[in-house]
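Trainee: I have a structure I would like to understand better, so I am pasting it below and will then ask my questions one at a time.
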Amino acid sequence: MGTRECNHICDESSPGIGEAGITGEWRIEVPSIDEKKCIPARSNKPTCFLCWLYCPEAVITKGIPPSINLEYCKGCGICSQVCPVQAITMLPEEKM
Amino acid sequence: MATQKKSNIHILDGNQAAAIAAKLSRVQVIAAYPITPQTPLTEQLSQYVEAGELQAEYVAVESEHSAMAVCTSASLVGARAFTATSSHGLAYMHEMLHWAAGARLPIVLACVNRAIGAPWNVLNDQQDSIAQRDTGWIQIYCRNNQEIMDSVIQAFRIAEIVHVPVMVCYDGYILSHTEMPVDIPDQAAVDRYLPAYQPHTVLDPSNPKNYNLVTLANPRVGVDGKLCHGYMELRYLLQEALQNSRETILQAGREFNEVFGRDYSDMFWEDREDAEITIVAMGSLAMEAIVAADMLREEGIRVGVLGLRVFRPFPKSDVVRALRKSKLIVVFDKNISYGSEGATCSEIKSALYGTYINASIRNFIVGLGGRDIKARELVDATKKAIASLKETVINPDYPEWICQI
Amino acid sequence: MKTNAVNLIEQEWILPGNRTCPGCALSLAYRHTLKALEGQCIVTVPASCATVLHGMYPITAVNVPCVNTPFASTGASATGLVAGLKALGRKGITVLAFAGDGGTHDIGIQSLSGAAERQYDFIYMCYDNEGYMNTGNQRSGSTPLGAVSGTTPVLGKQQYQKDMTAIMEAHGLPYVATCSASYPLDLYEKVKKARTIEGTRFIHVHTPCPPGWLFPFSDTIRMGEMAVETGLVVLYEIEDDIFRLTSASESLARKGGTLQPVREYFISQGRFKTITEEQIDELQNWVNTRWKHCLHRATNL
């Protein structure tokens with residue numbers, strides 16, 4: 001199949017999620033949120049959200065508790081490092 | 001289109017003609033860095049903008065590389081962009097020339113042809129623009145100042161239809177600093193001939209497209225599931241655009257004739273097509289060649305002149321048609337591809353290959369770094385070429401140089 | 001109301017599943033930059049890790065319009081965007097140049113300096129990962145003394161970093177600031193402020209790079225914090241010649257101005273494996289002198 005139908009005359013790109021593919025497949029460790037420790041979950045209030053703030057991938061949402069989009073989370077572990085109450089643990093990927 | 005009836009002749013040098021043409025084309029962004037012999041053009045344009053005679057942004061950039069970067073980005077937000085340079089400035093722009101063509105932006109550049117160092121030389125030859133022939137730009141060469149005026153206006157029309165940038169080349173000093181009568185087109189007529197720029201893409205937050213990203217070798221499926229080009233397909237489209245631009249160039253020339261009464265409906269200038277001996281030259285040298293041809297005719301030698309106007313796309317079939325009766329073709333080049341020959345000579349040979357035309361071709365390198373080239377020297381060279389058909393006075397593999405070594 | 005993680009705008013302009021390495025500080029800094037601009041911008045990006053982030057044709061991982069431009073041309077490209085918008089009368093769009101330290105300190109300095117001298121109206125943001133990381137970590141004008149890189153492989157870099165923010169300040173800009181990806185709210189506030197100022201604004205962002213600096217992905221934020229706590233990076237802004245310390249640097253100054261020793265920062269990164277005791281002492285002296293100078297300059301203590 002050719003590209004004659006493509007109407008671009010130059011390199012013109014449109015925004016899309018997963019541009020690099022399912023980047024969750026890059027992970028060797030997966031974050032796991034302990035709702036007993038997580039401040040928004042424990043207090044049932046929209047608060048803290050430092051994991052959301054520091055996530056370089058924009059894969060965490062400001063929910064109660066915050067949720068992590070594991071399809072695209074690369075497993076860097078920043079969220080577990082910045083969590084003030086150690087509510088996020090990085091687990092080996094194969095155990096998930 | 002209605003014809004502009006009244007003529008409006010002024011005595012202008014080439015740089016003035018280019019500046020007035022850019023103004024008449026209502027350019028919106030100008031970015032240029034002064035370089036001899038283009039400098040007066042730059043000054044004239046900034047004068048227009050500062051005096052409020054031209055509603056445009058004049059960006060006094062710190063380099064030619066930046067000049068072309070300003071033009072590409074300005075063009076991507078939808079502005080009509082113009083720049084001008086010479087020689088080292090054009091060489092310094094080289095990377096951005098590729099970028100402008102690759103992004104398919106209809107920028108117009110006036111190249112005031114000048115030699116390239118080392119050693120330093122500010123005078124004319126065409127090594128600078130010929131060295132940029134593979135950047136994907138259309139190249140038009142002017143013989144006189146009227147053609148500079150007319151070509152700049154046509155260049156915008158061509159560029160904005162085919163989405164390929166256009167370089168309008170004219171010889172430094174010989175045209176840029178030499179005054180001659182030029183008919184200045186009427187603004188209203190230019191506005192009819194050259195409508196406002198309609199970009200094929202515009203950078204806009206409400207429709208956030210990205211341009212010039214990394215592109216893979218192979219086609220890739222986009223977010224809408226459709227297969228998009230790979231790098232090679234994008235390069236094919238640029239080549240296709242240049243190949244097909246011939247029709248647009250000729251159409252722009254015919255329409256220009258309808259409005260302004262000056263004919264640009266061919267890819268070259270031809271003088272006496274019946275001749276068996278043809279001199280080929282480009283730029284102002286093509287005018288000198290006509291004088292030489294007259295002198296040769298007085299001696300009974302039937303000589304015609306082919307003045308190349310459009311060098312990229314190279315008009316192969318047009319050239320073959322023009323040279324159909326030629327037995328000897330004498331090509332004068334103000335450039336040299338070191339270790340080979342002049343660029344136009346190579347093009348002519350390439351165009352004739354495989355056709356029924358079996359002419360002998362002789363190449364002379366002339367006028368580098370402003371070396372004066374008189375009609376008499378063109379006459380002598382042509383006679384030498386004629387003699388070479390019978391006796392070995394010239395090595396046919398490499399060009400002859402008209403110099404004193 | 002002061003911006004915090006709870007009230008900070010939720011909308012994202014960087015889309016999940018992009019090509020940056022895990023733990024990339026550039027991605028984090030860019031994410032908050034675009035939040036501060038609310039996506040109402042046109043970005044120009046030279047060859048860099050940001051090019052990688054933006055993705056591969058025909059898909060981009062960023063939801064703002066962007067033109068990729070050759071390395072040396074970022075300042076000129078921003079100029080062209082501004083000039084074009086002005087010529088067409090298009091208003092309300094911030095032009096953002098987003099370049100790495102190689103593209104800013106080294107190959108791009110000429111066009112940036114030219115654009116800044118002409119006072120064109122755009123924000124230039126340099127994300128500084130202290131090396132040519134896109135090509136696999138070679139030295140740049142911003143690689144620190146003592147750091148091993150692909151082109152300082154045996155001895156480590158023998159020269160100090162180029163102080164690009166000071167160079168830009170010398171252009172007489174209406175706003176220059178330094179920030180760090182480890183302090184995203186400080187970064188957010190600075191970009192938001194810069195958005196309202198006219199003229200060329202320069203913002204330098206310290207962006208730790210796990211694969212280039214050789215530390216674990218999860219420690220990105222900690223590395224940036226340590227750089228600030230040791231005074232290797234000072235967070236400040238200069239608005240109309242008024243110098244203010246901000247965020248953690250301001251707090252440090254208010255708490256007596258005692259910095260953490262630089263040694264801990266150097267031993268936590270693999271790139272400093274060949275750094276000598278003399279170099280650490282030299283750097284400690286350099287940090288102390290500069291910190292004193294900053295405390296002296298600060299108008300908000």
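Residue numbers start at 1 in each chain; chains themselves are named A, B, ... in the order of the structure tokens; ligands are numbered from 1 in the order shown.
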Got a sec to tell me which of region 141-262 of chain C DSSP assigns to strand (DSSP E or B), as a ChimeraX atom specification?
Mentor: /C:149,152,175-180,201-206,236-239,242-245
Trainee: As a VMD selection string, please: the residues near Pro46 (chain A) (cut-off 12 Å, only C-alpha atoms, same-chain neighbours under 2 positions excluded).
Mentor: (chain A and resid 38 to 44 48 to 50 52 61 to 66) or (chain C and resid 4 to 8)
Trainee: For Leu70 (chain A), find every residue with an atom within 12 Å (counting only C-alpha atoms), except residues of its own chain fewer than 5 positions away, and show them as a PDB file with N, CA and C atoms, in the first residue's frame.
Mentor:
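File produced: selection_25.pdb:
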ATOM      1  N   GLY A  18       0.410   7.662  23.378  1.00  0.00           N
ATOM      2  CA  GLY A  18       1.155   6.452  23.035  1.00  0.00           C
ATOM      3  C   GLY A  18       1.969   6.589  21.770  1.00  0.00           C
ATOM      4  N   ILE A  22       3.172   1.350  23.671  1.00  0.00           N
ATOM      5  CA  ILE A  22       2.705   1.082  25.043  1.00  0.00           C
ATOM      6  C   ILE A  22       3.927   1.151  25.953  1.00  0.00           C
ATOM      7  N   THR A  23       4.215   2.357  26.456  1.00  0.00           N
ATOM      8  CA  THR A  23       5.468   2.550  27.192  1.00  0.00           C
ATOM      9  C   THR A  23       5.456   1.843  28.552  1.00  0.00           C
ATOM     10  N   GLY A  24       4.289   1.366  28.973  1.00  0.00           N
ATOM     11  CA  GLY A  24       4.232   0.536  30.183  1.00  0.00           C
ATOM     12  C   GLY A  24       5.061  -0.727  30.038  1.00  0.00           C
ATOM     13  N   GLU A  25       5.279  -1.129  28.800  1.00  0.00           N
ATOM     14  CA  GLU A  25       6.082  -2.339  28.552  1.00  0.00           C
ATOM     15  C   GLU A  25       7.569  -2.117  28.857  1.00  0.00           C
ATOM     16  N   TRP A  26       7.967  -0.856  29.019  1.00  0.00           N
ATOM     17  CA  TRP A  26       9.368  -0.566  29.348  1.00  0.00           C
ATOM     18  C   TRP A  26       9.686  -0.905  30.819  1.00  0.00           C
ATOM     19  N   ARG A  27       8.627  -1.009  31.631  1.00  0.00           N
ATOM     20  CA  ARG A  27       8.810  -1.073  33.083  1.00  0.00           C
ATOM     21  C   ARG A  27       9.548  -2.318  33.547  1.00  0.00           C
ATOM     22  N   GLU A  29       9.833  -2.169  37.147  1.00  0.00           N
ATOM     23  CA  GLU A  29       9.151  -2.132  38.451  1.00  0.00           C
ATOM     24  C   GLU A  29       7.839  -1.384  38.289  1.00  0.00           C
ATOM     25  N   VAL A  30       6.845  -1.784  39.058  1.00  0.00           N
ATOM     26  CA  VAL A  30       5.525  -1.178  38.904  1.00  0.00           C
ATOM     27  C   VAL A  30       5.103  -0.529  40.233  1.00  0.00           C
ATOM     28  N   PRO A  31       4.582   0.712  40.160  1.00  0.00           N
ATOM     29  CA  PRO A  31       4.169   1.364  41.417  1.00  0.00           C
ATOM     30  C   PRO A  31       2.843   0.793  41.933  1.00  0.00           C
ATOM     31  N   SER A  32       2.776   0.658  43.232  1.00  0.00           N
ATOM     32  CA  SER A  32       1.558   0.160  43.856  1.00  0.00           C
ATOM     33  C   SER A  32       1.193   1.095  45.012  1.00  0.00           C
ATOM     34  N   GLU A  57       5.542  11.854  33.337  1.00  0.00           N
ATOM     35  CA  GLU A  57       4.829  11.269  32.197  1.00  0.00           C
ATOM     36  C   GLU A  57       3.370  11.698  32.105  1.00  0.00           C
ATOM     37  N   ALA A  58       2.884  12.415  33.096  1.00  0.00           N
ATOM     38  CA  ALA A  58       1.467  12.803  33.148  1.00  0.00           C
ATOM     39  C   ALA A  58       0.560  11.568  33.072  1.00  0.00           C
ATOM     40  N   VAL A  59       0.936  10.508  33.804  1.00  0.00           N
ATOM     41  CA  VAL A  59       0.104   9.301  33.795  1.00  0.00           C
ATOM     42  C   VAL A  59      -0.653   9.100  35.105  1.00  0.00           C
ATOM     43  N   ILE A  60      -0.530  10.065  36.020  1.00  0.00           N
ATOM     44  CA  ILE A  60      -1.252   9.950  37.290  1.00  0.00           C
ATOM     45  C   ILE A  60      -2.394  10.968  37.283  1.00  0.00           C
ATOM     46  N   THR A  61      -3.541  10.564  37.760  1.00  0.00           N
ATOM     47  CA  THR A  61      -4.668  11.504  37.832  1.00  0.00           C
ATOM     48  C   THR A  61      -4.926  11.879  39.287  1.00  0.00           C
ATOM     49  N   GLY A  75       7.465   3.331  34.932  1.00  0.00           N
ATOM     50  CA  GLY A  75       8.001   2.708  36.141  1.00  0.00           C
ATOM     51  C   GLY A  75       9.243   3.370  36.683  1.00  0.00           C
ATOM     52  N   CYS A  76       9.374   4.689  36.506  1.00  0.00           N
ATOM     53  CA  CYS A  76      10.599   5.361  36.967  1.00  0.00           C
ATOM     54  C   CYS A  76      10.706   5.357  38.492  1.00  0.00           C
ATOM     55  N   GLU A  93       8.106  -6.115  38.273  1.00  0.00           N
ATOM     56  CA  GLU A  93       7.020  -6.162  37.287  1.00  0.00           C
ATOM     57  C   GLU A  93       6.372  -7.552  37.206  1.00  0.00           C
ATOM     58  N   MET A  96       3.294  -8.612  39.268  1.00  0.00           N
ATOM     59  CA  MET A  96       1.970  -7.992  39.085  1.00  0.00           C
ATOM     60  C   MET A  96       1.060  -8.908  38.276  1.00  0.00           C
TER      61      MET A  96
ATOM     62  N   PRO C  16       0.658  10.985  27.552  1.00  0.00           N
ATOM     63  CA  PRO C  16       1.317   9.765  28.023  1.00  0.00           C
ATOM     64  C   PRO C  16       1.831   8.920  26.859  1.00  0.00           C
ATOM     65  N   GLY C  17       2.890   8.185  27.144  1.00  0.00           N
ATOM     66  CA  GLY C  17       3.434   7.286  26.123  1.00  0.00           C
ATOM     67  C   GLY C  17       4.379   7.975  25.175  1.00  0.00           C
TER      68      GLY C  17
END
Trainee: Restrict the calculation to only C-alpha atoms, then for each residue of chain B with any atom at most 8 Å from an atom of chain C give the closest atom pair and their distance in Å to one decimal, rows by chain and rising residue number, as a Markdown table.
Mentor:
| residue | atom | partner | partner_atom | distance |
| --- | --- | --- | --- | --- |
| B:Gln28 | CA | C:Ala87 | CA | 5.8 |
| B:Val29 | CA | C:Gly84 | CA | 6.4 |
| B:Gln55 | CA | C:Ala87 | CA | 7.7 |
| B:Ala56 | CA | C:Ala87 | CA | 6.0 |
| B:Glu57 | CA | C:Ala83 | CA | 5.9 |
| B:Val59 | CA | C:Ala83 | CA | 7.8 |
| B:Val61 | CA | C:Gly114 | CA | 6.7 |
| B:Glu62 | CA | C:Gly114 | CA | 5.5 |
| B:Ser63 | CA | C:Ser111 | CA | 7.8 |
| B:His65 | CA | C:Ser73 | CA | 7.1 |
| B:Ser66 | CA | C:Ala76 | CA | 5.0 |
| B:Ala67 | CA | C:Ala76 | CA | 7.3 |
| B:Ala69 | CA | C:Ser77 | CA | 5.1 |
| B:Val70 | CA | C:Gly80 | CA | 3.8 |
| B:Cys71 | CA | C:Gly80 | CA | 6.1 |
| B:Thr72 | CA | C:Gly80 | CA | 7.2 |
| B:Ser73 | CA | C:Gly80 | CA | 4.8 |
| B:Ala74 | CA | C:Gly84 | CA | 4.3 |
| B:Ser75 | CA | C:Gly84 | CA | 7.0 |
| B:Leu76 | CA | C:Leu81 | CA | 7.6 |
| B:Val77 | CA | C:Gly84 | CA | 5.9 |
| B:Gly78 | CA | C:Gly84 | CA | 6.8 |
| B:Ala79 | CA | C:Gly84 | CA | 5.3 |
| B:Glu95 | CA | C:Pro70 | CA | 7.8 |
| B:Met96 | CA | C:Pro70 | CA | 7.5 |
| B:Trp99 | CA | C:Pro70 | CA | 7.9 |
| B:Leu203 | CA | C:Pro65 | CA | 5.7 |
| B:Asp204 | CA | C:Pro65 | CA | 6.0 |
| B:Pro205 | CA | C:Pro65 | CA | 5.6 |
| B:Asn207 | CA | C:Pro65 | CA | 7.3 |
| B:Pro208 | CA | C:Pro65 | CA | 4.0 |
| B:Lys209 | CA | C:Pro65 | CA | 4.9 |
| B:Asn210 | CA | C:Cys66 | CA | 4.6 |
| B:Tyr211 | CA | C:Val67 | CA | 4.8 |
| B:Asn212 | CA | C:Asn68 | CA | 5.2 |
| B:Leu213 | CA | C:Met56 | CA | 5.7 |
| B:Val214 | CA | C:Met56 | CA | 4.9 |
| B:Thr215 | CA | C:Tyr57 | CA | 5.1 |
| B:Leu216 | CA | C:Met56 | CA | 7.2 |
| B:Arg220 | CA | C:Pro58 | CA | 7.0 |
| B:Val221 | CA | C:Pro58 | CA | 7.3 |
| B:Gly222 | CA | C:Pro58 | CA | 5.3 |
| B:Val223 | CA | C:Ile59 | CA | 6.5 |
| B:Cys228 | CA | C:Pro58 | CA | 6.6 |
Trainee: Write the residues of the selection above to a file with C-alpha atoms, as a PDB file, in the first residue's frame.
Mentor:
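Contents of the output file selection_6.pdb:
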ATOM      1  CA  GLN B  28       5.240  40.639   5.371  1.00  0.00           C
ATOM      2  CA  VAL B  29       8.481  39.507   6.970  1.00  0.00           C
ATOM      3  CA  GLN B  55       3.748  47.171   6.209  1.00  0.00           C
ATOM      4  CA  ALA B  56       6.204  44.446   7.121  1.00  0.00           C
ATOM      5  CA  GLU B  57       8.447  43.237   9.910  1.00  0.00           C
ATOM      6  CA  VAL B  59      14.308  41.692  11.171  1.00  0.00           C
ATOM      7  CA  VAL B  61      19.280  39.379  11.997  1.00  0.00           C
ATOM      8  CA  GLU B  62      22.792  38.636  13.208  1.00  0.00           C
ATOM      9  CA  SER B  63      23.557  36.095  10.456  1.00  0.00           C
ATOM     10  CA  HIS B  65      21.596  31.319   8.932  1.00  0.00           C
ATOM     11  CA  SER B  66      19.246  33.226  11.202  1.00  0.00           C
ATOM     12  CA  ALA B  67      17.788  35.138   8.246  1.00  0.00           C
ATOM     13  CA  ALA B  69      15.428  30.578  10.109  1.00  0.00           C
ATOM     14  CA  VAL B  70      13.335  33.725  10.615  1.00  0.00           C
ATOM     15  CA  CYS B  71      11.838  33.280   7.139  1.00  0.00           C
ATOM     16  CA  THR B  72      10.964  29.607   7.666  1.00  0.00           C
ATOM     17  CA  SER B  73       9.276  30.177  11.012  1.00  0.00           C
ATOM     18  CA  ALA B  74       7.497  33.323   9.818  1.00  0.00           C
ATOM     19  CA  SER B  75       6.270  31.400   6.803  1.00  0.00           C
ATOM     20  CA  LEU B  76       4.961  28.655   9.088  1.00  0.00           C
ATOM     21  CA  VAL B  77       2.716  31.100  10.915  1.00  0.00           C
ATOM     22  CA  GLY B  78       1.389  32.291   7.569  1.00  0.00           C
ATOM     23  CA  ALA B  79       3.517  35.295   6.601  1.00  0.00           C
ATOM     24  CA  GLU B  95      21.461  24.177   6.192  1.00  0.00           C
ATOM     25  CA  MET B  96      18.389  26.405   6.383  1.00  0.00           C
ATOM     26  CA  TRP B  99      15.068  23.164   5.812  1.00  0.00           C
ATOM     27  CA  LEU B 203       0.957  26.998  13.418  1.00  0.00           C
ATOM     28  CA  ASP B 204      -2.017  27.571  15.671  1.00  0.00           C
ATOM     29  CA  PRO B 205      -2.753  26.529  19.300  1.00  0.00           C
ATOM     30  CA  ASN B 207      -5.129  23.093  15.923  1.00  0.00           C
ATOM     31  CA  PRO B 208      -1.807  22.029  17.407  1.00  0.00           C
ATOM     32  CA  LYS B 209       0.180  20.476  14.590  1.00  0.00           C
ATOM     33  CA  ASN B 210       3.898  19.791  14.806  1.00  0.00           C
ATOM     34  CA  TYR B 211       6.245  20.320  11.883  1.00  0.00           C
ATOM     35  CA  ASN B 212       9.590  18.815  10.942  1.00  0.00           C
ATOM     36  CA  LEU B 213       9.638  16.069  13.546  1.00  0.00           C
ATOM     37  CA  VAL B 214      11.909  13.090  13.257  1.00  0.00           C
ATOM     38  CA  THR B 215      10.599  11.082  10.312  1.00  0.00           C
ATOM     39  CA  LEU B 216      11.197   7.398   9.883  1.00  0.00           C
ATOM     40  CA  ARG B 220       3.971   5.199   9.492  1.00  0.00           C
ATOM     41  CA  VAL B 221       0.287   5.089  10.427  1.00  0.00           C
ATOM     42  CA  GLY B 222      -1.078   8.306  11.928  1.00  0.00           C
ATOM     43  CA  VAL B 223      -3.537   8.871  14.775  1.00  0.00           C
ATOM     44  CA  CYS B 228       1.472   8.617   6.171  1.00  0.00           C
TER      45      CYS B 228
END
Trainee: Compare B:Val319, B:Ala292, B:Ile361, B:Ala100 by their minimum atom-to-atom distance to chain A, counting only C-alpha atoms, and give me the closest one.
Mentor: B:Ala100
Trainee: Report as a VMD selection string all protein, DNA and RNA residues lying within 10 Å of Ile78 (chain A), evaluated on only C-alpha atoms, omitting residues in the same chain fewer than 6 positions from it.
Mentor: (chain A and resid 31 51 54 to 56 88 90) or (chain C and resid 22 to 24 216 to 222)
Trainee: Save out the residues we just selected, N, CA and C atoms, as a PDB file, in the first residue's frame.
Mentor:
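Output below, filename part_39.pdb:
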ATOM      1  N   PRO A  31       4.582   0.712  40.160  1.00  0.00           N
ATOM      2  CA  PRO A  31       4.169   1.364  41.417  1.00  0.00           C
ATOM      3  C   PRO A  31       2.843   0.793  41.933  1.00  0.00           C
ATOM      4  N   CYS A  51       2.486  12.941  44.065  1.00  0.00           N
ATOM      5  CA  CYS A  51       2.806  11.957  43.019  1.00  0.00           C
ATOM      6  C   CYS A  51       2.385  12.483  41.649  1.00  0.00           C
ATOM      7  N   TYR A  54       4.767  15.459  40.493  1.00  0.00           N
ATOM      8  CA  TYR A  54       6.141  15.147  40.087  1.00  0.00           C
ATOM      9  C   TYR A  54       6.230  14.108  38.971  1.00  0.00           C
ATOM     10  N   CYS A  55       5.126  13.547  38.547  1.00  0.00           N
ATOM     11  CA  CYS A  55       5.192  12.508  37.513  1.00  0.00           C
ATOM     12  C   CYS A  55       5.632  13.119  36.183  1.00  0.00           C
ATOM     13  N   PRO A  56       6.756  12.680  35.617  1.00  0.00           N
ATOM     14  CA  PRO A  56       7.210  13.288  34.357  1.00  0.00           C
ATOM     15  C   PRO A  56       6.356  12.876  33.163  1.00  0.00           C
ATOM     16  N   ILE A  88       3.577   4.601  48.226  1.00  0.00           N
ATOM     17  CA  ILE A  88       3.761   3.965  46.919  1.00  0.00           C
ATOM     18  C   ILE A  88       5.005   3.083  46.966  1.00  0.00           C
ATOM     19  N   MET A  90       7.450   0.303  44.882  1.00  0.00           N
ATOM     20  CA  MET A  90       7.790  -0.225  43.567  1.00  0.00           C
ATOM     21  C   MET A  90       7.981  -1.727  43.690  1.00  0.00           C
TER      22      MET A  90
ATOM     23  N   PRO C  22      12.697   6.931  31.253  1.00  0.00           N
ATOM     24  CA  PRO C  22      12.013   6.977  32.552  1.00  0.00           C
ATOM     25  C   PRO C  22      12.731   7.959  33.489  1.00  0.00           C
ATOM     26  N   GLY C  23      11.943   8.708  34.262  1.00  0.00           N
ATOM     27  CA  GLY C  23      12.532   9.636  35.227  1.00  0.00           C
ATOM     28  C   GLY C  23      13.095  10.892  34.606  1.00  0.00           C
ATOM     29  N   CYS C  24      12.631  11.262  33.412  1.00  0.00           N
ATOM     30  CA  CYS C  24      13.189  12.402  32.689  1.00  0.00           C
ATOM     31  C   CYS C  24      12.713  13.729  33.270  1.00  0.00           C
ATOM     32  N   PRO C 216      19.928   6.330  39.719  1.00  0.00           N
ATOM     33  CA  PRO C 216      18.668   5.603  39.455  1.00  0.00           C
ATOM     34  C   PRO C 216      17.544   6.539  39.001  1.00  0.00           C
ATOM     35  N   PHE C 217      16.684   6.021  38.119  1.00  0.00           N
ATOM     36  CA  PHE C 217      15.557   6.816  37.574  1.00  0.00           C
ATOM     37  C   PHE C 217      14.739   7.497  38.680  1.00  0.00           C
ATOM     38  N   SER C 218      14.548   6.768  39.771  1.00  0.00           N
ATOM     39  CA  SER C 218      13.640   7.261  40.819  1.00  0.00           C
ATOM     40  C   SER C 218      14.222   8.441  41.583  1.00  0.00           C
ATOM     41  N   ASP C 219      15.549   8.703  41.416  1.00  0.00           N
ATOM     42  CA  ASP C 219      16.199   9.749  42.220  1.00  0.00           C
ATOM     43  C   ASP C 219      16.255  11.114  41.544  1.00  0.00           C
ATOM     44  N   THR C 220      15.567  11.267  40.422  1.00  0.00           N
ATOM     45  CA  THR C 220      15.638  12.529  39.669  1.00  0.00           C
ATOM     46  C   THR C 220      15.322  13.740  40.537  1.00  0.00           C
ATOM     47  N   ILE C 221      14.225  13.655  41.278  1.00  0.00           N
ATOM     48  CA  ILE C 221      13.801  14.811  42.074  1.00  0.00           C
ATOM     49  C   ILE C 221      14.836  15.096  43.168  1.00  0.00           C
ATOM     50  N   ARG C 222      15.309  14.007  43.787  1.00  0.00           N
ATOM     51  CA  ARG C 222      16.297  14.154  44.871  1.00  0.00           C
ATOM     52  C   ARG C 222      17.582  14.811  44.353  1.00  0.00           C
TER      53      ARG C 222
END
Trainee: Tell me as a VMD selection string which residues belonging to chain A come within 12 Å of chain B, counting only C-alpha atoms.
Mentor: chain A and resid 1 to 19 21
Trainee: Choose the residue, out of A:Leu91, A:Ile33, A:Gly77, A:Asn69, that has the smallest atom-to-atom separation from chain C; count only C-alpha atoms.
Mentor: A:Gly77
